[in-house]
Structure formats: structure tokens, C-alpha cells
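The next block holds one structure in the form of C-alpha cells; read it before the comments.
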Amino acid sequence: MRFSESLKKNHQFQFVYKNGKSYANRYLVMYVKENGLGINRVGISVSKKVGNSVVRHRVTRLVRESYRLHEGIFNSGLDIVIVARPGAASVGYEEMESALLHLCKLHHLIKVYFYFDET
RNA sequence: CAAGUAAGACAGGUGAUCGCGGCCGCGGAGCGUUUCCGCGGGUGAGGAAAGUCCGGGCUUCACAGGGCAGGAUGCCAGAUAACGUCUGGUGGAGGCGACUCCCAGGACAGUGCAACAGAGAGAUACCGCCGGGGACGGGCGUUGUCCGUCUCCCGGUAAGGGUGGAAAGGCAGUGUAAGAGACUACCGUCCGUCUGGCAACAGGCGGAGCCAUGUAAACCCCAUCCGAAGCAAGACCAAACAGAGGGCCACAGGCUUGCCCGGCCUGCUCUCAGGUAGGUCGCUUGACGCGGCUGGCGACAGCCGUGCUAGAUAGAUGAUCACCCAACGACAUAACCCGGCUUAUCGUUUUGCUUGUAUG
């Protein structure tokens, strides 16, 4: 991804969980914390409650694809952790995309001029 | 054509745009190794990748010794690196048949268990049947004999009833007071012997009237095999680090195959505080795939030709559109690698064979 890296280490996840702000909807939970690096770092977490290995990989790909296609409209300098809830197992791409954008609006992550363009 | 049976094959495809992990090439940043960026090419999960139930390769540790445990397998022969797998047989069970299924050693080494029912379960007389005695009644009749009855006594019996998974070989006859392998034929069992077979075993002949249930997925016995842990194995490179205080004095801890004996090493323990876990290799060419020939009933083996087909390290296959199609495709994501087993699975399709019907 052009402007982003991924979160990898367990302690990075724990830091965002403890210090970040969170919003949730039916399929996803999103934690956000500013990192001061000028780029975004994204971590996707799918637990075994969601499904077996195939289902978990599919959910991960849908979330990553949704983020990738809208990467340009995000603010920069954030650590974002997206946790999939069990209901996400049977969801298609379009629903996943709308769920992600909904959480972004709640966090006010979208760059201001894009926000005005939509309204 | 219908029903069945056995063995396979495939696991959506094509095109376009965006996106991801390795690899190769080119260009740029960079003194250079490393690294980063861009462009192009090519490549990128399964039949079960799953469960982790067996077996092996590989790696490290242990390879003074003795003893005791523990685990697995279980008809025979073969295949294999090995196996609990596979192949071919034997025996048993099911099916008209093609064919399928079977945790298939030993119960005179020992121990345990066998509920309930039933009279009785390494044993039995409850009902029944039969004989003798006694009592009572009756007929004939004169101190006997015949018949009948019994809340009586003694004995015989395993035919019949009933219980049970199982009642001491089965069935038919002879026999008998009634019965019984007591005796006889056939079948079964056991023993001996001959023939065939490497063997499991099969068949023939002869003999023995048949002395004793089941369970070994109860302990156990016998035979064979098994050192342990696992790629977070392990090897190398680089970097960081911090110890302090108290208690105890041979108690203890670690290693040595699970335990014991024995052996080797180390001071040990508690409290408080602090710090790092980055990279390279292992890592994919292998008991490999495909085709052909030869040997073998077969599993498989040998030879020749040919091919290279993921190697990530928080972990790469996705999204959108169009068309094909009956179908949003079912089950499901490699993590060191192989050989098997087991389980899950929407469907499509090929071939052999069996039975029935029709036609010739």
C-alpha cells in the first residue's frame, strides 16, 4: 500500500487497545491512536470465534481491500486497529466497505475536503 | 434402457481493470555488501492443504552398567525406507449375482466377572414321566390279586414344560418301567494319518460316544517391534544487558530414557529491580511427477526418456465488470518434507462388471 504500513507486534496492538479511542458497529470494531509518524499503520485482527482458517483469511482480505481502495481519503499519522466481530463471517464486499466507512466517519478520519465533496 | 456394484478423473472457465508474496531482467538512489524505488516478464495452496491417529527421513541430546516398568501389533504369505498401510490368499458373515464386511493368537498357566430370570449356570429334580413302599377306597375273593386316589416316604430319569445369550453335541431310530451316546445311521466335534499347498488351511481315510459355558474392546499369557524430544528441531552472525539485599549449610537442585539402584555436575533458595528476543541458513530436486518398455495375478520393482511445479515468517490468491453454465459454486488455506489412515464435501463425468427386460 502506497501510504501505509501494517502493525505487526503484539505490543503495538496492546498499546493501541489501551490508549486509543474506539467505535464499533455490527461487523467491526475500530481503535485509533495518533502515532506522529506521518504515515498510517493498520492492523487487522480476526479471532477464531469468527470462523475457520478460510473464513478468517477472507474477512482479512475484505477489510484490507476496503481500506486500500479508500486509502487516499484518510488522514495521516494514525495507528488503526480493526477487529472483526463474528457477524462479519458471512458478509460480502459492499457491506464490509460501507461498515468501514461508517466507522471512519465516527472517528472523523476522513480528510476535510473529501468530506465536503460528499455532502 | 432400468436397478445395482467396483475403480477412477475434475474441483468452475475465459477476458478486462486495480491489488499482494517469491523469482528473473533492466533502470535509478547508494563508494560498495545490504537496502529502497520504478518498469517489464514469469510464477504462486488441496483432494482432502483439515484431524494430528500411525510410520519414516532430517536435527539435537543420550549412547558406563544392572533391574523393573510402559506402549504398539496379533490368521498366512508377500510389497515397502517403514507402518497399525497396501496386495494376494485362508476362514467366517451378508447378497440371486457383480461384490462387500470382519480389533480373525491363547480360556487344561492363574485371577476376576456373568446382572435379571430360572428348580438348577464347573450345576440341578420345580412341574412332569416311571418303579417300589405306605395309607385309603372299590371289584373278585379269602388272607392273596387287580384297579383307582394321595398337601405321605424312598428311588430312577433329562424325553416334554418353563427361564435364559448359554441347560452338558443335533436329528431320526433301536432300546427301556420311564429314560439316557446305553446302542445305530447321517451331520458336527476331537484325535491320528495320507494327499495338495511356502503357509494359513482344504479334502480323503480310519478311530474316539464326545468330562464340561461365555468373556482376553477384563487383568493376564505368548510372539514380534519400540532410546527421547521435535523445524519454536537445530546451526551461524550481530546487538543489548545490572544486578542488589536477606536466609540456609548438605538439606537440595540439574543432567543421565519413564522409575529405582548406580554415575556425573553445581553451592542452593527467597525478595526486589532491570533488559533483549533482529537477521541468515535449515527451506524445498524429492523413497518426486509424467510417458514408455520389462518382470510379477497384484501391491510393487528395474531400466530408458523427459519435466522442475509456492516457500511466506504475523504470514501472499482478493475486489469489480462481462460472457459461458442448471449452479451465489460444497468441504476447506501449505508453514521442514514424504508414505498412509480417518473425517468433511455442492456437483459433473469416464470405464469395467452383475441382474432384469427388449431386440438380434
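Lettering and numbering for the C-alpha cells are positional, with chains as A, B, ... in the shown order, residues counted from 1 in each chain, and ligands counted from 1 in the shown order.
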| Residues of chain B within 9 Å of chain A, counting only C-alpha atoms (C1' of nucleotides), as an MDAnalysis selection string | chainID B and resid 18:19 314 318:319 332:333
Could you write those residues out with N, CA and C atoms (P, O5', C5', C4', C3', O3' and C1' of nucleotides), as a PDB file, in the first residue's frame?
ATOM      1  P     C B  18      -4.570  -1.322 -14.393  1.00  0.00           P
ATOM      2  O5'   C B  18      -4.926  -1.415 -12.840  1.00  0.00           O
ATOM      3  C5'   C B  18      -5.376  -0.263 -12.150  1.00  0.00           C
ATOM      4  C4'   C B  18      -5.893  -0.614 -10.773  1.00  0.00           C
ATOM      5  C3'   C B  18      -4.912  -1.306  -9.833  1.00  0.00           C
ATOM      6  O3'   C B  18      -3.959  -0.433  -9.252  1.00  0.00           O
ATOM      7  C1'   C B  18      -6.998  -2.395  -9.707  1.00  0.00           C
ATOM      8  P     G B  19      -2.452  -0.958  -8.970  1.00  0.00           P
ATOM      9  O5'   G B  19      -2.692  -2.049  -7.836  1.00  0.00           O
ATOM     10  C5'   G B  19      -3.021  -1.647  -6.513  1.00  0.00           C
ATOM     11  C4'   G B  19      -3.249  -2.829  -5.601  1.00  0.00           C
ATOM     12  C3'   G B  19      -2.071  -3.781  -5.429  1.00  0.00           C
ATOM     13  O3'   G B  19      -1.072  -3.282  -4.544  1.00  0.00           O
ATOM     14  C1'   G B  19      -4.047  -5.024  -5.734  1.00  0.00           C
ATOM     15  P     A B 314       6.852 -11.488  10.932  1.00  0.00           P
ATOM     16  O5'   A B 314       5.342 -11.004  10.844  1.00  0.00           O
ATOM     17  C5'   A B 314       4.690 -10.959   9.569  1.00  0.00           C
ATOM     18  C4'   A B 314       3.234 -11.310   9.704  1.00  0.00           C
ATOM     19  C3'   A B 314       2.379 -10.217  10.313  1.00  0.00           C
ATOM     20  O3'   A B 314       1.112 -10.191   9.664  1.00  0.00           O
ATOM     21  C1'   A B 314       2.178 -12.201  11.595  1.00  0.00           C
ATOM     22  P     G B 318      -9.145 -15.686  -4.111  1.00  0.00           P
ATOM     23  O5'   G B 318      -9.848 -14.333  -3.665  1.00  0.00           O
ATOM     24  C5'   G B 318      -9.888 -13.946  -2.293  1.00  0.00           C
ATOM     25  C4'   G B 318      -9.844 -12.433  -2.170  1.00  0.00           C
ATOM     26  C3'   G B 318     -10.843 -11.669  -3.023  1.00  0.00           C
ATOM     27  O3'   G B 318     -12.140 -11.657  -2.449  1.00  0.00           O
ATOM     28  C1'   G B 318      -8.717 -10.669  -3.210  1.00  0.00           C
ATOM     29  P     A B 319     -13.446 -11.612  -3.380  1.00  0.00           P
ATOM     30  O5'   A B 319     -13.462 -10.103  -3.871  1.00  0.00           O
ATOM     31  C5'   A B 319     -13.669  -9.043  -2.952  1.00  0.00           C
ATOM     32  C4'   A B 319     -13.581  -7.699  -3.645  1.00  0.00           C
ATOM     33  C3'   A B 319     -14.483  -7.549  -4.864  1.00  0.00           C
ATOM     34  O3'   A B 319     -15.810  -7.214  -4.510  1.00  0.00           O
ATOM     35  C1'   A B 319     -12.311  -6.781  -5.387  1.00  0.00           C
ATOM     36  P     A B 332     -15.766 -27.238   6.661  1.00  0.00           P
ATOM     37  O5'   A B 332     -14.249 -27.620   6.426  1.00  0.00           O
ATOM     38  C5'   A B 332     -13.226 -26.667   6.555  1.00  0.00           C
ATOM     39  C4'   A B 332     -12.158 -26.926   5.523  1.00  0.00           C
ATOM     40  C3'   A B 332     -11.057 -25.873   5.444  1.00  0.00           C
ATOM     41  O3'   A B 332     -10.041 -26.139   6.388  1.00  0.00           O
ATOM     42  C1'   A B 332     -11.866 -26.331   3.271  1.00  0.00           C
ATOM     43  P     U B 333      -9.411 -24.922   7.248  1.00  0.00           P
ATOM     44  O5'   U B 333      -8.021 -24.640   6.530  1.00  0.00           O
ATOM     45  C5'   U B 333      -7.920 -23.705   5.491  1.00  0.00           C
ATOM     46  C4'   U B 333      -6.659 -23.938   4.719  1.00  0.00           C
ATOM     47  C3'   U B 333      -5.419 -23.335   5.391  1.00  0.00           C
ATOM     48  O3'   U B 333      -4.302 -24.149   5.097  1.00  0.00           O
ATOM     49  C1'   U B 333      -5.806 -22.299   3.297  1.00  0.00           C
TER      50        U B 333
END
| message | Residues near U176 (chain B), anyone? I mean within 12 Å using only C-alpha atoms (C1' of nucleotides), not counting same-chain ones fewer than 2 positions away, as a ChimeraX atom specification. | response | /B:130,156-157,174,178-180,182
| field | Coordinates-based distance that separates CA of His70 (chain A) from CA of Glu95 (chain A) (Å, one decimal) | value | 14.6 Å
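Here C1' of A7 (chain B) and C1' of U343 (chain B) stand 21.6 Å from one another.
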| query | Near A79 (chain B), counting only C-alpha atoms (C1' of nucleotides), which residues have an atom at most 9 Å away, once you skip same-chain residues fewer than 5 positions from it, shown as a ChimeraX atom specification? | reply | /B:86-87,299-300
Write out, as an mmCIF file, in the first residue's frame, the residues just selected, with C-alpha atoms (C1' of nucleotides).
data_model
loop_
_atom_site.group_PDB
_atom_site.id
_atom_site.type_symbol
_atom_site.label_atom_id
_atom_site.label_comp_id
_atom_site.auth_asym_id
_atom_site.auth_seq_id
_atom_site.Cartn_x
_atom_site.Cartn_y
_atom_site.Cartn_z
ATOM 1 C "C1'" C B 86 -1.171 -51.870 0.812
ATOM 2 C "C1'" U B 87 -1.549 -56.589 -2.291
ATOM 3 C "C1'" A B 299 0.830 -54.338 -4.145
ATOM 4 C "C1'" C B 300 5.393 -53.107 -6.461
#
| DSSP on the backbone: what in region 8-69 of chain A comes out helix (DSSP H, G or I), as a PyMOL selection string? | chain A and resi 10-19+53-69
| Which residues, written as a VMD selection string, have at least one atom at most 12 Å from region 20-35 of chain A, with only C-alpha atoms (C1' of nucleotides) counted and residues fewer than 3 positions away on the same chain left out? | chain A and resid 7 12 to 17 38 to 46 50 59 to 60 62 to 63 75 to 92 95 to 109
Would you mind exporting the chosen residues as a short mmCIF file (atom, residue, chain, number, x, y, z; two decimals), in the first residue's frame, restricted to N, CA and C atoms?
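In the end it all went to out31.cif:
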data_model
loop_
_atom_site.label_atom_id
_atom_site.label_comp_id
_atom_site.auth_asym_id
_atom_site.auth_seq_id
_atom_site.Cartn_x
_atom_site.Cartn_y
_atom_site.Cartn_z
N LEU A 7 0.68 -2.96 11.22
CA LEU A 7 1.09 -3.24 12.60
C LEU A 7 1.40 -4.73 12.70
N GLN A 12 2.46 -3.61 19.98
CA GLN A 12 1.90 -2.47 19.27
C GLN A 12 0.38 -2.50 19.34
N PHE A 13 -0.18 -3.71 19.17
CA PHE A 13 -1.63 -3.85 19.29
C PHE A 13 -2.08 -3.46 20.69
N GLN A 14 -1.36 -3.96 21.70
CA GLN A 14 -1.78 -3.69 23.07
C GLN A 14 -1.74 -2.20 23.37
N PHE A 15 -0.75 -1.50 22.78
CA PHE A 15 -0.64 -0.05 23.01
C PHE A 15 -1.87 0.67 22.47
N VAL A 16 -2.31 0.29 21.28
CA VAL A 16 -3.47 0.94 20.67
C VAL A 16 -4.74 0.61 21.45
N TYR A 17 -4.86 -0.64 21.90
CA TYR A 17 -6.04 -1.01 22.68
C TYR A 17 -6.15 -0.18 23.95
N GLY A 38 3.57 10.44 10.49
CA GLY A 38 3.26 10.94 9.17
C GLY A 38 2.71 9.91 8.22
N ILE A 39 2.66 8.65 8.63
CA ILE A 39 2.02 7.62 7.82
C ILE A 39 1.04 6.86 8.71
N ASN A 40 0.16 6.14 8.05
CA ASN A 40 -0.78 5.31 8.79
C ASN A 40 -0.20 3.91 8.95
N ARG A 41 -0.52 3.30 10.11
CA ARG A 41 -0.20 1.88 10.31
C ARG A 41 -1.50 1.16 10.68
N VAL A 42 -1.76 0.10 9.94
CA VAL A 42 -3.05 -0.58 10.08
C VAL A 42 -2.83 -2.00 10.55
N GLY A 43 -3.59 -2.44 11.54
CA GLY A 43 -3.56 -3.83 11.97
C GLY A 43 -4.97 -4.41 11.92
N ILE A 44 -5.06 -5.63 11.40
CA ILE A 44 -6.36 -6.30 11.29
C ILE A 44 -6.33 -7.54 12.16
N SER A 45 -7.32 -7.68 13.02
CA SER A 45 -7.36 -8.82 13.94
C SER A 45 -8.66 -9.58 13.73
N VAL A 46 -8.53 -10.89 13.47
CA VAL A 46 -9.71 -11.74 13.30
C VAL A 46 -9.52 -12.96 14.20
N VAL A 50 -14.60 -16.05 14.81
CA VAL A 50 -15.24 -15.67 13.54
C VAL A 50 -15.45 -16.90 12.66
N VAL A 59 -12.15 -12.68 5.53
CA VAL A 59 -12.53 -11.44 6.22
C VAL A 59 -11.35 -10.47 6.21
N THR A 60 -10.17 -10.97 6.47
CA THR A 60 -8.99 -10.11 6.46
C THR A 60 -8.80 -9.43 5.11
N LEU A 62 -11.07 -8.81 2.81
CA LEU A 62 -12.12 -7.82 2.54
C LEU A 62 -11.83 -6.52 3.26
N VAL A 63 -11.37 -6.62 4.50
CA VAL A 63 -11.07 -5.40 5.25
C VAL A 63 -9.90 -4.67 4.60
N ASN A 75 -6.89 10.62 6.84
CA ASN A 75 -5.87 11.45 7.46
C ASN A 75 -4.64 10.62 7.72
N SER A 76 -3.51 11.28 7.92
CA SER A 76 -2.24 10.58 8.10
C SER A 76 -1.80 10.63 9.56
N GLY A 77 -0.83 9.79 9.89
CA GLY A 77 -0.23 9.79 11.22
C GLY A 77 -1.04 9.07 12.26
N LEU A 78 -1.67 7.95 11.85
CA LEU A 78 -2.55 7.24 12.77
C LEU A 78 -2.17 5.76 12.85
N ASP A 79 -2.35 5.20 14.03
CA ASP A 79 -2.34 3.74 14.18
C ASP A 79 -3.80 3.30 14.27
N ILE A 80 -4.18 2.39 13.38
CA ILE A 80 -5.57 1.93 13.31
C ILE A 80 -5.59 0.42 13.51
N VAL A 81 -6.41 -0.04 14.44
CA VAL A 81 -6.62 -1.48 14.61
C VAL A 81 -8.08 -1.79 14.33
N ILE A 82 -8.29 -2.73 13.40
CA ILE A 82 -9.65 -3.11 13.04
C ILE A 82 -9.87 -4.56 13.48
N VAL A 83 -10.88 -4.76 14.33
CA VAL A 83 -11.18 -6.10 14.84
C VAL A 83 -12.49 -6.56 14.22
N ALA A 84 -12.48 -7.75 13.65
CA ALA A 84 -13.71 -8.28 13.05
C ALA A 84 -14.53 -8.99 14.12
N ARG A 85 -15.84 -8.78 14.07
CA ARG A 85 -16.74 -9.46 15.00
C ARG A 85 -17.31 -10.69 14.31
N PRO A 86 -17.88 -11.62 15.06
CA PRO A 86 -18.34 -12.88 14.45
C PRO A 86 -19.34 -12.70 13.32
N GLY A 87 -20.15 -11.62 13.35
CA GLY A 87 -21.12 -11.41 12.29
C GLY A 87 -20.50 -11.15 10.93
N ALA A 88 -19.20 -10.79 10.90
CA ALA A 88 -18.55 -10.46 9.64
C ALA A 88 -18.25 -11.69 8.78
N ALA A 89 -18.48 -12.87 9.30
CA ALA A 89 -18.09 -14.08 8.58
C ALA A 89 -18.85 -14.23 7.27
N SER A 90 -20.12 -13.81 7.23
CA SER A 90 -20.96 -14.08 6.06
C SER A 90 -21.21 -12.83 5.22
N VAL A 91 -20.32 -11.83 5.34
CA VAL A 91 -20.59 -10.54 4.72
C VAL A 91 -19.87 -10.44 3.37
N GLY A 92 -20.51 -9.77 2.39
CA GLY A 92 -19.88 -9.52 1.10
C GLY A 92 -19.04 -8.27 1.13
N GLU A 95 -20.94 -4.63 1.76
CA GLU A 95 -21.33 -4.37 3.15
C GLU A 95 -20.12 -4.06 4.01
N MET A 96 -19.03 -4.79 3.76
CA MET A 96 -17.81 -4.54 4.51
C MET A 96 -17.29 -3.13 4.26
N GLU A 97 -17.33 -2.70 3.01
CA GLU A 97 -16.87 -1.36 2.65
C GLU A 97 -17.69 -0.29 3.37
N SER A 98 -19.01 -0.44 3.35
CA SER A 98 -19.84 0.56 4.00
C SER A 98 -19.64 0.55 5.50
N ALA A 99 -19.41 -0.64 6.09
CA ALA A 99 -19.18 -0.70 7.53
C ALA A 99 -17.90 0.03 7.89
N LEU A 100 -16.86 -0.13 7.08
CA LEU A 100 -15.58 0.53 7.36
C LEU A 100 -15.72 2.04 7.24
N LEU A 101 -16.38 2.51 6.19
CA LEU A 101 -16.53 3.96 6.00
C LEU A 101 -17.38 4.58 7.10
N HIS A 102 -18.36 3.83 7.58
CA HIS A 102 -19.19 4.32 8.67
C HIS A 102 -18.36 4.59 9.91
N LEU A 103 -17.46 3.67 10.23
CA LEU A 103 -16.61 3.86 11.40
C LEU A 103 -15.65 5.02 11.18
N CYS A 104 -15.19 5.20 9.96
CA CYS A 104 -14.28 6.30 9.67
C CYS A 104 -14.96 7.65 9.94
N LYS A 105 -16.23 7.75 9.58
CA LYS A 105 -16.94 9.00 9.84
C LYS A 105 -17.09 9.22 11.34
N LEU A 106 -17.34 8.18 12.09
CA LEU A 106 -17.48 8.34 13.54
C LEU A 106 -16.19 8.83 14.15
N HIS A 107 -15.04 8.38 13.59
CA HIS A 107 -13.74 8.79 14.11
C HIS A 107 -13.28 10.12 13.52
N HIS A 108 -14.00 10.64 12.51
CA HIS A 108 -13.57 11.86 11.80
C HIS A 108 -12.19 11.69 11.20
N LEU A 109 -11.99 10.55 10.54
CA LEU A 109 -10.68 10.27 9.97
C LEU A 109 -10.53 10.81 8.56
#
